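Asks: File input.txt below, compact mmCIF, C-alpha atoms and all ligand atoms:
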# COMPACT_ATOMS: atom_id res chain seq x y z
CA MET A 1 -13.40 -8.50 1.97
CA ILE A 2 -10.18 -9.36 0.14
CA THR A 3 -6.74 -8.22 1.30
CA ILE A 4 -3.47 -8.09 -0.65
CA ASP A 5 -0.27 -7.39 1.24
CA GLY A 6 3.33 -7.51 0.12
CA PRO A 7 6.55 -5.55 -0.36
CA ALA A 8 7.07 -2.49 -2.56
CA GLY A 9 7.13 -3.28 -6.27
CA ALA A 10 5.49 -6.74 -6.02
CA GLY A 11 2.72 -5.51 -8.33
CA LYS A 12 0.00 -5.15 -5.69
CA SER A 13 -1.68 -2.01 -7.04
CA THR A 14 -1.91 -3.31 -10.61
CA VAL A 15 -3.36 -6.70 -9.69
CA ALA A 16 -5.58 -5.25 -6.95
CA ARG A 17 -7.11 -2.81 -9.46
CA GLU A 18 -7.74 -5.59 -11.97
CA LEU A 19 -9.10 -8.02 -9.36
CA ALA A 20 -11.49 -5.34 -8.01
CA ARG A 21 -12.63 -4.55 -11.56
CA ARG A 22 -13.27 -8.20 -12.39
CA LEU A 23 -15.25 -8.80 -9.19
CA GLY A 24 -17.07 -5.46 -9.24
CA TYR A 25 -15.50 -4.63 -5.84
CA ARG A 26 -14.19 -1.31 -4.58
CA LEU A 27 -10.40 -0.86 -4.48
CA ILE A 28 -8.89 0.58 -1.31
CA ASP A 29 -5.24 1.62 -1.69
CA THR A 30 -4.30 1.82 2.00
CA GLY A 31 -0.77 3.09 1.32
CA ALA A 32 -2.28 6.20 -0.30
CA LEU A 33 -3.44 7.33 3.16
CA TYR A 34 0.11 7.05 4.57
CA ARG A 35 1.31 8.92 1.52
CA GLY A 36 -1.33 11.60 2.21
CA VAL A 37 -0.01 11.99 5.76
CA ALA A 38 3.57 12.15 4.43
CA TRP A 39 2.62 14.80 1.88
CA ARG A 40 1.05 16.93 4.63
CA VAL A 41 4.05 16.50 6.97
CA ARG A 42 6.38 17.53 4.18
CA GLU A 43 4.28 20.51 3.18
CA ALA A 44 4.04 21.70 6.79
CA GLY A 45 7.82 21.24 7.23
CA VAL A 46 7.32 19.20 10.42
CA ASP A 47 10.27 17.04 11.45
CA PRO A 48 9.04 13.41 11.85
CA GLU A 49 11.22 13.22 14.98
CA ASP A 50 9.24 16.11 16.54
CA ARG A 51 6.52 13.91 18.06
CA GLN A 52 4.52 16.78 19.57
CA GLY A 53 4.55 18.77 16.34
CA LEU A 54 3.57 15.67 14.43
CA GLU A 55 0.67 14.84 16.75
CA ARG A 56 -0.57 18.45 16.56
CA LEU A 57 -0.47 18.30 12.78
CA LEU A 58 -2.25 14.92 12.68
CA GLY A 59 -4.96 16.27 14.97
CA SER A 60 -5.75 19.13 12.64
CA THR A 61 -5.53 17.20 9.34
CA THR A 62 -8.26 15.22 7.59
CA ILE A 63 -7.23 12.41 5.24
CA ASP A 64 -9.67 10.51 3.04
CA ILE A 65 -10.05 8.60 -0.22
CA LYS A 66 -13.04 9.48 -2.40
CA ASP A 67 -13.66 8.01 -5.85
CA GLY A 68 -10.04 6.85 -5.89
CA ALA A 69 -8.66 10.33 -5.11
CA VAL A 70 -6.46 11.03 -2.04
CA LEU A 71 -7.89 14.04 -0.20
CA VAL A 72 -5.86 15.92 2.40
CA ASP A 73 -7.93 18.62 4.09
CA GLY A 74 -10.28 18.31 1.12
CA ARG A 75 -7.53 18.95 -1.45
CA ASP A 76 -6.90 16.30 -4.13
CA VAL A 77 -3.21 15.37 -3.84
CA SER A 78 -3.41 12.07 -5.76
CA ALA A 79 -0.61 13.02 -8.17
CA GLU A 80 1.66 14.71 -5.60
CA VAL A 81 1.72 11.66 -3.29
CA ARG A 82 3.18 9.39 -6.00
CA THR A 83 6.78 10.62 -5.78
CA ALA A 84 9.60 8.44 -4.39
CA GLU A 85 10.28 11.03 -1.65
CA VAL A 86 6.69 10.91 -0.39
CA GLY A 87 6.76 7.06 -0.52
CA GLU A 88 9.97 6.96 1.50
CA LEU A 89 8.62 9.40 4.11
CA ALA A 90 5.32 7.44 4.23
CA SER A 91 7.27 4.28 5.08
CA ARG A 92 9.14 6.10 7.90
CA LEU A 93 5.97 7.65 9.28
CA ALA A 94 4.04 4.34 9.07
CA ALA A 95 6.33 2.97 11.81
CA LEU A 96 5.00 5.56 14.30
CA ALA A 97 2.13 4.76 16.69
CA ALA A 98 0.52 8.22 16.34
CA VAL A 99 0.38 7.90 12.56
CA ARG A 100 -1.00 4.36 12.65
CA ALA A 101 -3.62 5.40 15.22
CA LYS A 102 -4.77 8.08 12.78
CA VAL A 103 -4.73 6.00 9.59
CA THR A 104 -5.91 2.49 10.62
CA PRO A 105 -9.45 3.59 11.67
CA ILE A 106 -9.87 5.46 8.36
CA GLN A 107 -8.91 2.27 6.48
CA ARG A 108 -11.38 0.24 8.54
CA ARG A 109 -14.15 2.78 7.90
CA LEU A 110 -13.45 2.70 4.15
CA ALA A 111 -13.58 -1.11 4.18
CA ALA A 112 -16.58 -1.45 6.49
CA ALA A 113 -19.25 -1.85 3.83
CA GLY A 114 -17.42 -4.90 2.40
CA GLY A 115 -17.21 -5.77 -1.29
CA ALA A 116 -13.70 -4.36 -1.23
CA VAL A 117 -10.15 -5.25 -2.20
CA LEU A 118 -7.66 -3.69 0.22
CA GLU A 119 -4.00 -3.50 -0.72
CA GLY A 120 -1.09 -2.51 1.51
CA ARG A 121 1.33 -3.85 4.11
CA ASP A 122 -0.88 -4.84 7.05
CA THR A 123 -4.39 -5.13 5.60
CA GLY A 124 -4.77 -8.89 6.28
CA SER A 125 -2.87 -8.89 9.58
CA VAL A 126 -4.09 -5.72 11.32
CA VAL A 127 -6.63 -3.62 9.36
CA CYS A 128 -9.02 -6.45 8.41
CA PRO A 129 -7.89 -9.66 10.12
CA ASP A 130 -11.38 -11.10 9.51
CA ALA A 131 -11.16 -10.73 5.71
CA GLU A 132 -12.57 -13.77 3.91
CA VAL A 133 -9.68 -13.98 1.42
CA LYS A 134 -6.09 -12.88 2.07
CA PHE A 135 -3.17 -12.75 -0.35
CA TYR A 136 0.51 -12.06 0.10
CA LEU A 137 2.07 -10.99 -3.18
CA ASP A 138 5.84 -11.24 -3.48
CA ALA A 139 8.48 -11.00 -6.23
CA SER A 140 12.29 -11.12 -6.36
CA PRO A 141 14.09 -7.84 -5.49
CA GLU A 142 15.49 -7.74 -9.06
CA VAL A 143 12.05 -7.88 -10.66
CA ARG A 144 10.64 -5.36 -8.19
CA ALA A 145 13.50 -2.96 -8.93
CA ILE A 146 12.96 -3.33 -12.70
CA ARG A 147 9.22 -2.60 -12.29
CA ARG A 148 9.92 0.44 -10.11
CA GLN A 149 12.41 1.76 -12.64
CA ARG A 150 9.93 1.27 -15.47
CA GLU A 151 7.27 3.17 -13.50
CA LEU A 152 9.71 6.03 -12.95
CA ALA A 153 10.74 6.00 -16.64
CA GLU A 154 7.06 6.24 -17.66
CA ARG A 155 6.89 9.42 -15.61
CA GLY A 156 10.03 10.73 -17.34
CA ILE A 157 12.30 10.14 -14.33
CA ALA A 158 15.67 8.50 -15.09
CA ALA A 159 17.02 6.46 -12.18
CA ASP A 160 20.18 4.45 -11.58
CA PRO A 161 19.23 0.69 -11.39
CA LYS A 162 21.55 0.10 -8.43
CA ALA A 163 20.00 2.99 -6.52
CA VAL A 164 16.46 1.76 -7.26
CA ARG A 165 17.33 -1.76 -5.99
CA ALA A 166 18.98 -0.33 -2.87
CA GLY A 167 15.89 1.83 -2.26
CA ILE A 168 13.61 -1.22 -2.54
CA LEU A 169 15.72 -3.23 -0.07
CA GLN A 170 15.83 -0.30 2.35
CA ARG A 171 12.02 0.01 2.15
CA ASP A 172 11.66 -3.77 2.80
CA ARG A 173 13.79 -3.45 5.93
CA GLN A 174 11.83 -0.45 7.14
CA ASP A 175 8.41 -2.07 6.54
CA MET A 176 9.34 -5.57 7.81
CA GLU A 177 11.45 -4.71 10.82
CA ARG A 178 9.21 -2.11 12.43
CA VAL A 179 7.69 -3.02 15.78
CA LEU A 180 4.12 -1.93 14.99
CA ALA A 181 2.17 -3.83 12.35
CA PRO A 182 5.24 -5.00 10.37
CA LEU A 183 4.83 -6.45 6.90
CA VAL A 184 4.23 -10.18 7.46
CA VAL A 185 2.46 -13.01 5.64
CA PRO A 186 -0.96 -12.84 7.37
CA GLU A 187 -2.32 -16.03 8.91
CA GLY A 188 -4.32 -17.95 6.34
CA ALA A 189 -2.98 -15.91 3.40
CA THR A 190 -2.37 -17.42 -0.03
CA VAL A 191 1.19 -16.53 -1.06
CA ILE A 192 1.69 -15.72 -4.74
CA ASP A 193 5.07 -14.96 -6.30
CA SER A 194 4.63 -12.65 -9.27
CA THR A 195 8.22 -13.14 -10.53
CA GLY A 196 7.93 -14.23 -14.16
CA ARG A 197 4.12 -14.10 -14.08
CA SER A 198 1.95 -11.69 -16.05
CA VAL A 199 -0.76 -9.56 -14.43
CA GLU A 200 -3.34 -11.82 -16.09
CA GLU A 201 -1.76 -14.95 -14.60
CA VAL A 202 -1.60 -13.49 -11.08
CA VAL A 203 -5.20 -12.22 -11.25
CA GLY A 204 -6.25 -15.65 -12.58
CA LEU A 205 -4.68 -17.37 -9.55
CA MET A 206 -6.42 -14.89 -7.26
CA LEU A 207 -9.81 -15.41 -8.88
CA GLU A 208 -9.38 -19.18 -8.47
CA ALA A 209 -8.69 -18.71 -4.76
CA VAL A 210 -11.66 -16.35 -4.37
CA GLU A 211 -13.90 -18.90 -6.07
CA ARG A 212 -12.48 -21.73 -3.96
CA LEU A 213 -13.16 -19.78 -0.79
CA GLY A 214 -16.68 -19.12 -1.99
CA CYS A 215 -17.03 -15.37 -1.73
CA SER A 216 -17.24 -14.47 -5.41
CA THR A 217 -20.13 -12.26 -6.52
CA ARG A 218 -19.57 -13.14 -10.18
CA SER A 219 -22.47 -14.80 -11.87
O1 LIG A 301 2.19 0.89 -0.98
P1 LIG A 301 2.80 2.26 -0.86
O2 LIG A 301 4.20 2.34 -1.43
O3 LIG A 301 1.90 3.35 -1.36
O4 LIG A 301 2.94 2.51 0.73
C1 LIG A 301 3.71 3.54 1.28
C2 LIG A 301 4.15 3.17 2.70
O5 LIG A 301 3.01 3.17 3.58
C3 LIG A 301 4.75 1.78 2.86
O6 LIG A 301 6.15 1.78 2.64
C4 LIG A 301 4.43 1.41 4.29
C5 LIG A 301 3.17 2.16 4.58
N1 LIG A 301 1.97 1.31 4.59
C6 LIG A 301 1.64 0.64 5.75
O7 LIG A 301 2.38 0.72 6.73
N2 LIG A 301 0.51 -0.09 5.84
C7 LIG A 301 -0.32 -0.20 4.76
N3 LIG A 301 -1.43 -0.94 4.87
C8 LIG A 301 0.01 0.45 3.54
C9 LIG A 301 1.17 1.19 3.48
Would you mind writing the file out in structure tokens?

Replies:
Amino acid sequence: MITIDGPAGAGKSTVARELARRLGYRLIDTGALYRGVAWRVREAGVDPEDRQGLERLLGSTTIDIKDGAVLVDGRDVSAEVRTAEVGELASRLAALAAVRAKVTPIQRRLAAAGGAVLEGRDTGSVVCPDAEVKFYLDASPEVRAIRRQRELAERGIAADPKAVRAGILQRDRQDMERVLAPLVVPEGATVIDSTGRSVEEVVGLMLEAVERLGCSTRS
């Protein structure tokens, strides 16, 4: 089991995908489940402050990841969950106990068979504290904002750089300052700063650590 945690825009999904590919491991994007919940809450028009309504909705909703697709009540919403609005709502909802109680067991079930790279905010600290290798991937706010803006541009969305940076800092605060399972550097994690490093360089550092810790399946 390998975990990669870190703030928004640090490059986790890109390097996690590449690391999983190189090791022949499964990739588990844990944030996609929070995004799935957020998509459902939005679609149902439930106010996140309405705790009873939210719990009712969670009780009647199934969330899963199959073959890389996010399934909400069996419907593939992989593309819909990628918007900034859904990401922002996911971050707000992820601070709530009822939402975490729904999502964390699903993440553990998905990871249970091992041979997996998990990426998210609390995968090494809460979801899989027994993971053999843990990483914390960071980057400067400037670089993270530039990456986010590039991602948006690729999807044809023009965004003001100042607003993107402010959004990133707001998300950091929300994810780091929450009481339940805040974003932290997990105990025993290798910290990697991706500022000024290519994907290849970051994955190379990770592969070295995996090899050092002796859990590589590569021949
Ligand atoms: O990585 P992402 O942007 O898809 O995640 C969306 C939100 O979900 C993130 O801001 C916080 C929450 N999250 C979490 O609390 N724990 C995780 N393991 C993954 C994501």

Asks: At a cut-off of 12 Å from (4.4, 6.1, 12.7) in the coordinates of the file, what residues are picked up using all atoms listed in the file, written as a count of residues only?

Replies: 35

Asks: Measuring between all atoms listed in the file, which one of A:Ala79, A:Ile28, A:Ile146, A:Arg171 shows the shortest distance to Val127 (chain A)?

Replies: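 Nearest candidate to Val127 (chain A) out of A:Ala79, A:Ile28, A:Ile146, A:Arg171: A:Ile28.
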
Asks: Between CA of Tyr25 (chain A) and CA of Gly115 (chain A), what is the distance, to one decimal in Å?

Replies: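 Going from CA of Tyr25 (chain A) over to CA of Gly115 (chain A), I get 5.0 Å.
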
Asks: Between A:Leu57, A:Val126, A:Ala139, A:Ala153, which residue has the minimum interatomic distance to ligand LIG 301 (chain A), considering only C-alpha atoms and all ligand atoms?

Replies: A:Val126

Asks: Pick the closest to Asp29 (chain A) from A:Arg173, A:Lys134, A:Arg212, A:Lys12: which is it, counting only C-alpha atoms?

Replies: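 Result for the nearest residue to Asp29 (chain A): A:Lys12.
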
Asks: I'd like the interatomic distance between CA of Pro105 (chain A) and atom C3 of ligand LIG 301 (chain A), to a tenth of an Å.

Replies: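 Calculated distance between CA of Pro105 (chain A) and atom C3 of ligand LIG 301 (chain A) is 16.8 Å.
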
Asks: Neighbouring residues of Thr30 (chain A) were defined as those with any atom within 7 Å, considering all atoms listed in the file; residues of the same chain fewer than 6 positions away were excluded. Please report them as a list in words.

Replies: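 That gives Gln107, Leu118, Glu119 and Gly120 of chain A.
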
Asks: One decimal, Å: what's the distance from atom N2 of ligand LIG 301 (chain A) over to CA of Glu200 (chain A), could you say?

Replies: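 These two atoms are separated by 25.2 Å.
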
Asks: Might you pull out every residue within 10 Å of Lys162 (chain A), with only C-alpha atoms counted and same-chain residues fewer than 5 positions away left off, and present them as a list in words?

Replies: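 Listing them by chain and then by number gives Glu142, Ala145, Gly167 and Ile168 of chain A.
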
Asks: From the set A:Val117, A:Pro141, A:Arg26, A:Ser78, which residue has the shortest atom-to-atom contact distance to Gln170 (chain A), counting all atoms listed in the file?

Replies: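 Checking each candidate against Gln170 (chain A), we get A:Pro141 as the closest.
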
Asks: Between A:Ala84, A:Val77, A:Ala44, A:Ala166, which is the closest to ligand LIG 301 (chain A) once you count only C-alpha atoms and all ligand atoms?

Replies: A:Ala84

Asks: Please determine, counting all atoms listed in the file, which residue among A:Ser140, A:Leu169, A:Leu183, A:Pro161 has the shortest atom-to-atom distance to Ala10 (chain A).

Replies: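 The shortest atom-to-atom distance to Ala10 (chain A) comes from A:Ser140.
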